[in-house]
There are 2 protein chains.
Amino acid sequence: MTAAGEPNVSADFVFGTLATDELRLAQLRAATLGVRHGHDVRPADPEPDEPATITVRVGPAVAATRVTAYWTADGRTPAGERGVAAVGTAVELERVATDWDTLTWGYVETWRGVLPGQPERTLVRYRIEAWSEAAPELPSTWATEIAGVVSGDRPPGVTDADAAQFALGGSQLWPIRRDAEAYHVDRERAPDWLRDAVIYQVFVDRFATTDGMPFATPATPGGFYGGTLRGVLQRLDHIAELGATVVWLSPIFPSPSHHGYDASDYGSVEPRLGTEADLRELIAACHRRGLRILLDFAANHVSSDHPAFQRAIRDRTAPEASWFTFTRWPDQYLSFFGVADHPQLDADDPGARAMLVDSARHWLELGVDGFRCDYAQGPSHAFWSVFRAEIRAVAPDSVTLGEIVETPALQHTFAGRLDGCLDFILQAALRGLFAFGTLTPSAFDSLVRRHLAAIPPDFVQPSFLDNHDMNRFLWTVRGDTRRLKLAALCQMTLPGPPIVYYGTEVGQSQERDVRSADGSGHPEESRMPMPWGTEQDGDLLAFYGALIGARRSSPARWGTARTTLIADDASGILAYRCGSGADARIVVLGTSAVPARREVPLEGAWHVELATDPDTTAIRGTDVALGAFGGAILRPA
Amino acid sequence: MTAAGEPNVSADFVFGTLATDELRLAQLRAATLGVRHGHDVRPADPEPDEPATITVRVGPAVAATRVTAYWTADGRTPAGERGVAAVGTAVELERVATDWDTLTWGYVETWRGVLPGQPERTLVRYRIEAWSEAAPELPSTWATEIAGVVSGDRPPGVTDADAAQFALGGSQLWPIRRDAEAYHVDRERAPDWLRDAVIYQVFVDRFATTDGMPFATPATPGGFYGGTLRGVLQRLDHIAELGATVVWLSPIFPSPSHHGYDASDYGSVEPRLGTEADLRELIAACHRRGLRILLDFAANHVSSDHPAFQRAIRDRTAPEASWFTFTRWPDQYLSFFGVADHPQLDADDPGARAMLVDSARHWLELGVDGFRCDYAQGPSHAFWSVFRAEIRAVAPDSVTLGEIVETPALQHTFAGRLDGCLDFILQAALRGLFAFGTLTPSAFDSLVRRHLAAIPPDFVQPSFLDNHDMNRFLWTVRGDTRRLKLAALCQMTLPGPPIVYYGTEVGQSQERDVRSADGSGHPEESRMPMPWGTEQDGDLLAFYGALIGARRSSPARWGTARTTLIADDASGILAYRCGSGADARIVVLGTSAVPARREVPLEGAWHVELATDPDTTAIRGTDVALGAFGGAILRPA
């Protein structure tokens with residue numbers, strides 16, 4: 001390893017439909033050309049009796065003179081045409097602005113309308129039509145979303161004109177045609193326990209075996225290593241002693257895969273992992289220790305082994321046929337990123353939705369505290385609105401946390417539908433500053449400040465340094481635990497509840513890049529069995545424990561009165577202050593590979609509460625000295 | 001010619017720094033990454049004692065925690081650093097929004113501040129600094145404009161970081177560093193005569209010779225054909241009988257070129273074209289006939305023959321050296337699109353500005369009614385603010401009309417600085433619908449409605465079908481005068497004052513494309529000598545006369561109560577209604593190559609007032625029949 005600590009890879013591979021500049025541009029252009037609502041409802045999460053203002057942007061490709069919204073408050077799918085409602089009520093929108101857009105070289109109109117306030121526990125469904133009075137022959141254009149299907153089949157209802165608009169070089173983006181947008185009128189709020197949480201992410205097949213038996217050694221890393229629910233139960237002390245308050249289990253439903261994100265049943269436990277009784281016992285054990293427990297819930301797609309899918313492809317008249325979107329029955333259908341083994345569920349289909357909601361209720365009744373919702377941008381906003389309302393009726397204190405990749409703008413539209421979502425932008429920023437060196441302290445500080453300012457109220461965004469879909473942080477920095485400690489110090493002193501990916505706290509690394517030079521993926525690299533006993537890095541684990549302790553001493557502090565004191569690219573020092581009075585803390589981070597020293601405007605006397613490297617960290621007056629990749633939390637003297 | 005009327009070329013070559021998708025994207029990305037003010041002052045044209053709100057967007061590349069504006073009201077250049085004013089007053093801006101931007105994959109902050117109201121005739125100058133309190137070492141970023149220099153030398157003051165940010169493939173965009181932005185506090189309004197005008201564009205060397213002598217036959221089309229001011233005077237009947245109300249002369253100042261846009265003196269008349277006495281006589285003759293007269297004024301650049309430039313390159317201590325921007329004296333300097341013969345003036349330099357303003361005053365005192373301002377986006381907003389204020393003091397009824405290519409958004413920022421600008425977007429739309437067939441009636445209607453809605457109040461945008469920098473309309477449609485008549489019918493019934501390019505009204509065409517297949521330009525193709533006598537198309541001329549008469553019968557009508565009645569892409573019919581009561585008119589345009597017939601919601605009885613083709617145009621009840629490429633103005637019966 002060089003002194004400068006060259007990372008193993010220069011940046012993360014970005015997953016998803018906005019992974020490259022070309023994809024971002026194409027999607028932006030397509031979205032701007034057409035009719036774009038983007039779930040722009042204000043307020044984002046209407047209270048009872050509160051009217052909701054919906055905003056729509058009509059781009060240069062759409063020659064409309066009128067914009068109409070059709071809405072229902074009784075669960076029916078609203079419908080209408082050219083301003084006349086067939087199901088529900090029509091509301092005319094008004095043009096409020098006309099702005100030039102250089103990217104599409106045309107004008108974008110902004111239209112706005114108001115849906116009336118509704119009683120508590122109403123699901124408002126609406127859809128938006130742009131149409132032309134002067135051109136009766138011109139078909140209406142409906143507000144659509146841009147889909148995550150890059151080179152799959154054309155979804156039903158997509159016209160040739162759409163196809164041309166969404167073409168992208170050799171491949172194709174597709175607009176999703178939803179039956180309707182929706183919001184649920186309620187007074188639901190994210191529970192406090194979520195804001196105060198420290199979440200421990202367990203990948204069940206790889207975390208712990210029953211009775212500490214050796215892990216299996218499958219032929220490929222995609223095989224089964226033998227982790228079980230009982231294993232988790234038996235290692236719960238590790239999680240509790242670390243200071244975590246929530247255990248998030250990777251999917252435990254029956255599935256042909258080691259990861260379980262392709263369920264073949266949502267109502268039982270995968271036998272390899274254990275039984276429902278095991279889960280019940282684990283839940284009880286968690287709750288006894290004051291730990292909450294989250295299940296991983298993939299509503300976007302199922303395994304092609306799922307009996308519903310098998311019925312759907314055998315009999316096109318089966319009720320389950322409408323759970324899926326066939327572009328040519330029975331062999332062509334929408335699937336997760338075109339993977340045929342992962343057929344996409346239409347979660348707006350009443351049958352599919354009922355199955356998903358019933359399953360969620362079942363697990364909540366068993367005692368789990370909520371769900372981490374896989375690829376939550378797949379199912380519609382309407383689905384999540386219903387889902388949260390339904391599960392809260394069973395378990396008022398339960399949570400839904402979405403995995404929503406792509407843009408923060410998209411994430412924030414889920415406010416009021418989900419309690420929050422995993423913070424991918426922050427993860428990229430943390431790795432950019434502490435692993436790859438692609439961000440300077442001032443750039444990181446600027447990005448993070450803006451990012452925190454943009455998060456809607458009552459929307460929780462848990463932070464993480466790594467997870468099961470990317471290289472482990474420690475591997476990217478070639479095992480340099482100083483950098484991991486420093487990144488964790490920053491993570492734990494940011495507002496969002498931190499997630500620790502199993503093994504990160506004990507120095508677990510990996511063998512090779514999750515992404516080969518030839519572009520093929522090896523995601524299993526970062527999902528190897530947890531080391532136990534002497535294989536663990538005790539120093540790192542102790543640091544993590546102390547750090548989590550420091551965080552939990554006042555979880556709300558880290559989001560209060562945050563002020564950047566220093567963001568110095570020359571010395572590499574970043575320093576910020578949080579909280580006030582005796583609860584105030586100053587965090588000082590030295591991102592440089594050489595020891596750094598700076599005058600920091602401390603105002604008053606401060607002591608080191610916790611340091612990554614106590615030997616080389618010192619404060620004298622306002623002078624802070626840090627070791628290479630060293631950092632500290634300071635408390636008032 | 002085919003029945004469908006295939007055009008000679010499929011589209012116009014677009015000139016300028018936003019000519020291609022790549023350029024648009026690069027410019028947009030560069031502008032969004034940095035600190036962008038974009039002349040966003042509200043109101044755009046502050047009245048006396050009216051405070052002005054300035055808005056700034058700070059992009060992902062700038063890590064700033066504070067934004068400060070420095071302003072003066074006494075003409076001095078404001079200055080300051082990190083929030084402390086050195087010249088003038090500092091105003092802190094407030095962060096009002098933080099929005100995600102997918103194109104640059106980061107957050108853009110919006111900051112806003114208020115400059116206090118000022119007395120009438122104050123020039124407010126201001127500049128905007130974004131800086132970081134937490135990172136004192138980080139240089140400030142100043143709001144800049146994106147320049148029109150594509151592959152010239154690096155302008156002074158541009159840093160390496162700027163250079164990287166503005167790189168574009170093999171070439172380079174540059175930010176313009178202005179001393180300051182500005183607005184002038186006054187009560188100036190565009191005079192009514194401009195709104196009611198029909199403008200006739202004369203290219204002096206090519207319009208008319210003295211005493212009707214034959215035009216010269218120079219070796220190349222770029223030579224001198226011998227048109228003169230006296231020739232214009234002698235042919236003034238043609239212009240007046242056509243019904244035009246304003247004559248716009250191409251540049252008449254001394255210049256080495258046939259077009260004159262590179263002046264070597266701003267204070268006299270090019271001897272080839274005549275004398276100051278000739279001009280005085282022409283002005284008097286115009287005014288006797290009720291015609292106004294505009295000169296073409298190029299403030300962006302001069303001929304390299306200009307004595308000021310010659311002094312500047314001989315003596316770097318000469319006062320004129322600061323009129324130009326040398327990147328390496330004396331042989332490298334900013335120039336119009338990198339053309340060394342056209343060195344760019346720094347119109348903000350007090351000496352250069354005084355020369356330009358004094359020259360304009362001189363011509364106004366001689367009797368001209370204003371200026372068409374060539375490449376008006378080159379000189380700063382501050383310059384035009386001063387320029388208009390200064391010329392209005394001499395000639396309160398005079399006008400400034402800018403040639404501003406690029407975006408309408410940029411054009412509109414000149415509201416309050418210029419009285420208006422030539423409508424390039426409308427020109428592209430008219431040619432798109434009537435010449436190239438690249439727009440359908442509904443797309444044209446949609447674009448034009450939005451375009452008209454976006455024009456700021458008191459900003460006049462004259463329309464045109466062709467000019468001296470593009471293929472003549474008639475040539476693009478292979479001489480099909482039906483299509484020219486139809487386009488003119490639409491042009492003359494739109495709100496903006498129409499411009500007729502000399503010769504268009506008598507069927508003048510050209511030999512070949514202004515743009516060769518090898519990319520070289522032949523702009524002179526559309527500047528050939530005016531045909532006189534029997535060479536003229538008398539039918540077309542009579543139609544133009546009648547059309548201008550119909551327009552002038554009520555010039556304001558065409559911007560009043562505009563409603564689209566039909567925009568039918570199947571039949572190709574576009575119909576709209578303007579004005580009210582007895583003054584109401586309906587315009588029906590058949591853009592199809594075959595006769596078209598449509599029910600039009602006429603409401604009441606209507607007669608044909610004027611038709612492109614009286615033989616095939618008929619109304620029976622609400623049934624309108626149009627010949628191929630036929631159109632009509634209808635009046636209430």
# chains A, B, ... in the order shown; residues from 1 in each chain; ligands from 1
>>> residues_around(residues="Trp532 in chain B", least_positions_apart="4", cutoff="9 Å", atoms="only C-alpha atoms", output="short mmCIF file (atom, residue, chain, number, x, y, z; two decimals) with C-alpha atoms, in the first residue's frame")
data_model
loop_
_atom_site.label_atom_id
_atom_site.label_comp_id
_atom_site.auth_asym_id
_atom_site.auth_seq_id
_atom_site.Cartn_x
_atom_site.Cartn_y
_atom_site.Cartn_z
CA ALA B 208 -30.67 49.99 -55.55
CA VAL B 506 -41.17 40.47 -55.43
CA GLN B 536 -40.49 41.39 -60.23
#
>>> select_by_dssp(residues="range 280-363 of chain B", states="alpha helix (DSSP H)", output="PyMOL selection string")
chain B and resi 280-288+307-314+350-363
>>> atom_distance(atom1="CA of Ala299 in chain B", atom2="CA of Leu465 in chain B")
24.9 Å
>>> residues_around(residues="Ile566 in chain A", least_positions_apart="3", cutoff="7 Å", atoms="only C-alpha atoms", output="count of residues only")
7
>>> interface_residues(of="chain A", to="chain B", cutoff="6 Å", atoms="only C-alpha atoms", output="PyMOL selection string")
chain A and resi 63+98+100+134-135+409+442-443+446+454+564-568
>>> closest_residue(among="A:Gly370, A:Gly432, A:Pro456, A:Pro343", to="Phe414 in chain A", atoms="only C-alpha atoms")
A:Pro456
>>> residues_around(residues="Arg472 in chain A", least_positions_apart="3", cutoff="6 Å", atoms="only C-alpha atoms", output="list in words")
Asp466, Trp475 and Ser526 of chain A
>>> write_last_selection(atoms="N, CA and C atoms", output="PDB file, in the first residue's frame")
ATOM      1  N   ASP A 466     -21.323   0.747   3.344  1.00  0.00           N
ATOM      2  CA  ASP A 466     -21.310  -0.329   2.356  1.00  0.00           C
ATOM      3  C   ASP A 466     -22.530  -1.213   2.592  1.00  0.00           C
ATOM      4  N   TRP A 475     -12.291  -3.051   1.795  1.00  0.00           N
ATOM      5  CA  TRP A 475     -11.576  -3.585   0.637  1.00  0.00           C
ATOM      6  C   TRP A 475     -11.160  -2.441  -0.291  1.00  0.00           C
ATOM      7  N   SER A 526     -18.883  -9.403  -1.594  1.00  0.00           N
ATOM      8  CA  SER A 526     -19.036  -8.619  -0.367  1.00  0.00           C
ATOM      9  C   SER A 526     -20.057  -9.254   0.577  1.00  0.00           C
TER      10      SER A 526
END
>>> closest_residue(among="B:Ala73, B:Leu541, B:Leu433, B:Met528", to="His468 in chain B", atoms="only C-alpha atoms")
B:Met528
>>> closest_residue(among="B:Phe434, B:Tyr70, B:Tyr333, B:Phe473", to="Glu92 in chain B", atoms="only C-alpha atoms")
B:Tyr70
>>> closest_residue(among="A:Arg598, A:Arg527, A:Arg36, A:His184", to="Gly503 in chain A", atoms="only C-alpha atoms")
A:Arg527
>>> atom_distance(atom1="CA of Asp179 in chain B", atom2="CA of Asp348 in chain B")
7.9 Å
>>> residues_around(residues="Ser268 in chain B", least_positions_apart="6", cutoff="7 Å", atoms="only C-alpha atoms", output="list in words")
Phe253, Pro254 and Glu276 of chain B
>>> select_by_dssp(residues="range 256-302 of chain A", states="strand (DSSP E or B)", output="ChimeraX atom specification")
/A:292-298,301
>>> write_last_selection(atoms="N, CA, C and O atoms", output="short mmCIF file (atom, residue, chain, number, x, y, z; two decimals), in the first residue's frame")
data_model
loop_
_atom_site.label_atom_id
_atom_site.label_comp_id
_atom_site.auth_asym_id
_atom_site.auth_seq_id
_atom_site.Cartn_x
_atom_site.Cartn_y
_atom_site.Cartn_z
N ARG A 292 -35.17 -3.87 17.86
CA ARG A 292 -36.25 -4.01 16.88
C ARG A 292 -35.76 -4.92 15.75
O ARG A 292 -34.55 -5.09 15.56
N ILE A 293 -36.70 -5.43 14.98
CA ILE A 293 -36.30 -6.32 13.89
C ILE A 293 -37.08 -5.99 12.62
O ILE A 293 -38.30 -5.82 12.64
N LEU A 294 -36.33 -5.82 11.53
CA LEU A 294 -36.93 -5.50 10.23
C LEU A 294 -36.72 -6.66 9.27
O LEU A 294 -35.63 -7.24 9.23
N LEU A 295 -37.75 -6.96 8.49
CA LEU A 295 -37.59 -7.94 7.41
C LEU A 295 -37.36 -7.20 6.10
O LEU A 295 -37.75 -6.05 5.94
N ASP A 296 -36.74 -7.92 5.17
CA ASP A 296 -36.50 -7.37 3.84
C ASP A 296 -37.65 -7.83 2.96
O ASP A 296 -37.95 -9.02 2.89
N PHE A 297 -38.31 -6.88 2.29
CA PHE A 297 -39.55 -7.17 1.59
C PHE A 297 -39.41 -6.70 0.14
O PHE A 297 -39.28 -5.51 -0.13
N ALA A 298 -39.43 -7.66 -0.80
CA ALA A 298 -39.26 -7.33 -2.22
C ALA A 298 -40.61 -7.39 -2.92
O ALA A 298 -41.09 -8.46 -3.28
N HIS A 301 -40.71 -7.73 -7.58
CA HIS A 301 -40.67 -8.89 -8.45
C HIS A 301 -40.62 -10.15 -7.60
O HIS A 301 -40.31 -10.10 -6.41
#
>>> closest_residue(among="B:Val477, B:Cys490, B:Ala382, B:Val302", to="Ser463 in chain B", atoms="only C-alpha atoms")
B:Cys490
>>> closest_atom_pairs(of="range 344-447 of chain B", to="range 317-321 of chain B", cutoff="12 Å", atoms="only C-alpha atoms", output="Markdown table")
| residue | atom | partner | partner_atom | distance |
| --- | --- | --- | --- | --- |
| B:Gln344 | CA | B:Ala321 | CA | 11.9 |
| B:Leu345 | CA | B:Glu320 | CA | 10.0 |
| B:Asp346 | CA | B:Ala321 | CA | 10.2 |
| B:Ala347 | CA | B:Glu320 | CA | 11.8 |
| B:Asp349 | CA | B:Glu320 | CA | 9.4 |
| B:Pro350 | CA | B:Pro319 | CA | 10.2 |
| B:Gly351 | CA | B:Glu320 | CA | 7.2 |
| B:Ala352 | CA | B:Glu320 | CA | 7.6 |
| B:Arg353 | CA | B:Glu320 | CA | 11.2 |
| B:Ala354 | CA | B:Glu320 | CA | 11.6 |
| B:Met355 | CA | B:Glu320 | CA | 10.5 |
>>> closest_residue(among="A:Arg82, A:Arg478, A:Ala596, A:Thr591", to="Thr438 in chain A", atoms="only C-alpha atoms")
A:Thr591
>>> residues_around(residues="range 117-131 of chain B", least_positions_apart="2", cutoff="9 Å", atoms="only C-alpha atoms", output="ChimeraX atom specification")
/B:35,37,46-52,56,58,62-83,88,115,133,135-136,138-144,178-187,382,385-386,389
>>> residues_around(residues="range 231-235 of chain B", least_positions_apart="6", cutoff="8 Å", atoms="only C-alpha atoms", output="PDB file with N, CA and C atoms, in the first residue's frame")
ATOM      1  N   VAL B 204     -27.868  47.550 -48.233  1.00  0.00           N
ATOM      2  CA  VAL B 204     -27.660  48.745 -49.059  1.00  0.00           C
ATOM      3  C   VAL B 204     -26.890  48.453 -50.346  1.00  0.00           C
ATOM      4  N   PHE B 207     -29.432  46.775 -52.879  1.00  0.00           N
ATOM      5  CA  PHE B 207     -30.847  47.138 -53.052  1.00  0.00           C
ATOM      6  C   PHE B 207     -31.103  47.993 -54.285  1.00  0.00           C
ATOM      7  N   ALA B 208     -30.399  49.121 -54.398  1.00  0.00           N
ATOM      8  CA  ALA B 208     -30.671  49.995 -55.548  1.00  0.00           C
ATOM      9  C   ALA B 208     -29.464  50.886 -55.798  1.00  0.00           C
ATOM     10  N   THR B 209     -29.139  51.050 -57.084  1.00  0.00           N
ATOM     11  CA  THR B 209     -28.031  51.921 -57.490  1.00  0.00           C
ATOM     12  C   THR B 209     -28.557  53.334 -57.710  1.00  0.00           C
ATOM     13  N   THR B 210     -27.641  54.261 -57.728  1.00  0.00           N
ATOM     14  CA  THR B 210     -28.003  55.648 -58.020  1.00  0.00           C
ATOM     15  C   THR B 210     -28.515  55.743 -59.460  1.00  0.00           C
ATOM     16  N   ASP B 211     -29.626  56.411 -59.627  1.00  0.00           N
ATOM     17  CA  ASP B 211     -30.221  56.645 -60.953  1.00  0.00           C
ATOM     18  C   ASP B 211     -30.533  55.358 -61.710  1.00  0.00           C
ATOM     19  N   GLY B 212     -30.715  54.279 -60.997  1.00  0.00           N
ATOM     20  CA  GLY B 212     -31.108  53.033 -61.660  1.00  0.00           C
ATOM     21  C   GLY B 212     -30.064  52.457 -62.593  1.00  0.00           C
ATOM     22  N   GLU B 281     -30.572  63.519 -46.611  1.00  0.00           N
ATOM     23  CA  GLU B 281     -31.640  63.642 -47.599  1.00  0.00           C
ATOM     24  C   GLU B 281     -32.592  62.429 -47.516  1.00  0.00           C
ATOM     25  N   LEU B 282     -31.993  61.259 -47.372  1.00  0.00           N
ATOM     26  CA  LEU B 282     -32.807  60.024 -47.271  1.00  0.00           C
ATOM     27  C   LEU B 282     -33.696  60.070 -46.021  1.00  0.00           C
ATOM     28  N   ALA B 285     -36.534  62.385 -46.640  1.00  0.00           N
ATOM     29  CA  ALA B 285     -37.518  61.792 -47.573  1.00  0.00           C
ATOM     30  C   ALA B 285     -38.355  60.737 -46.848  1.00  0.00           C
TER      31      ALA B 285
END
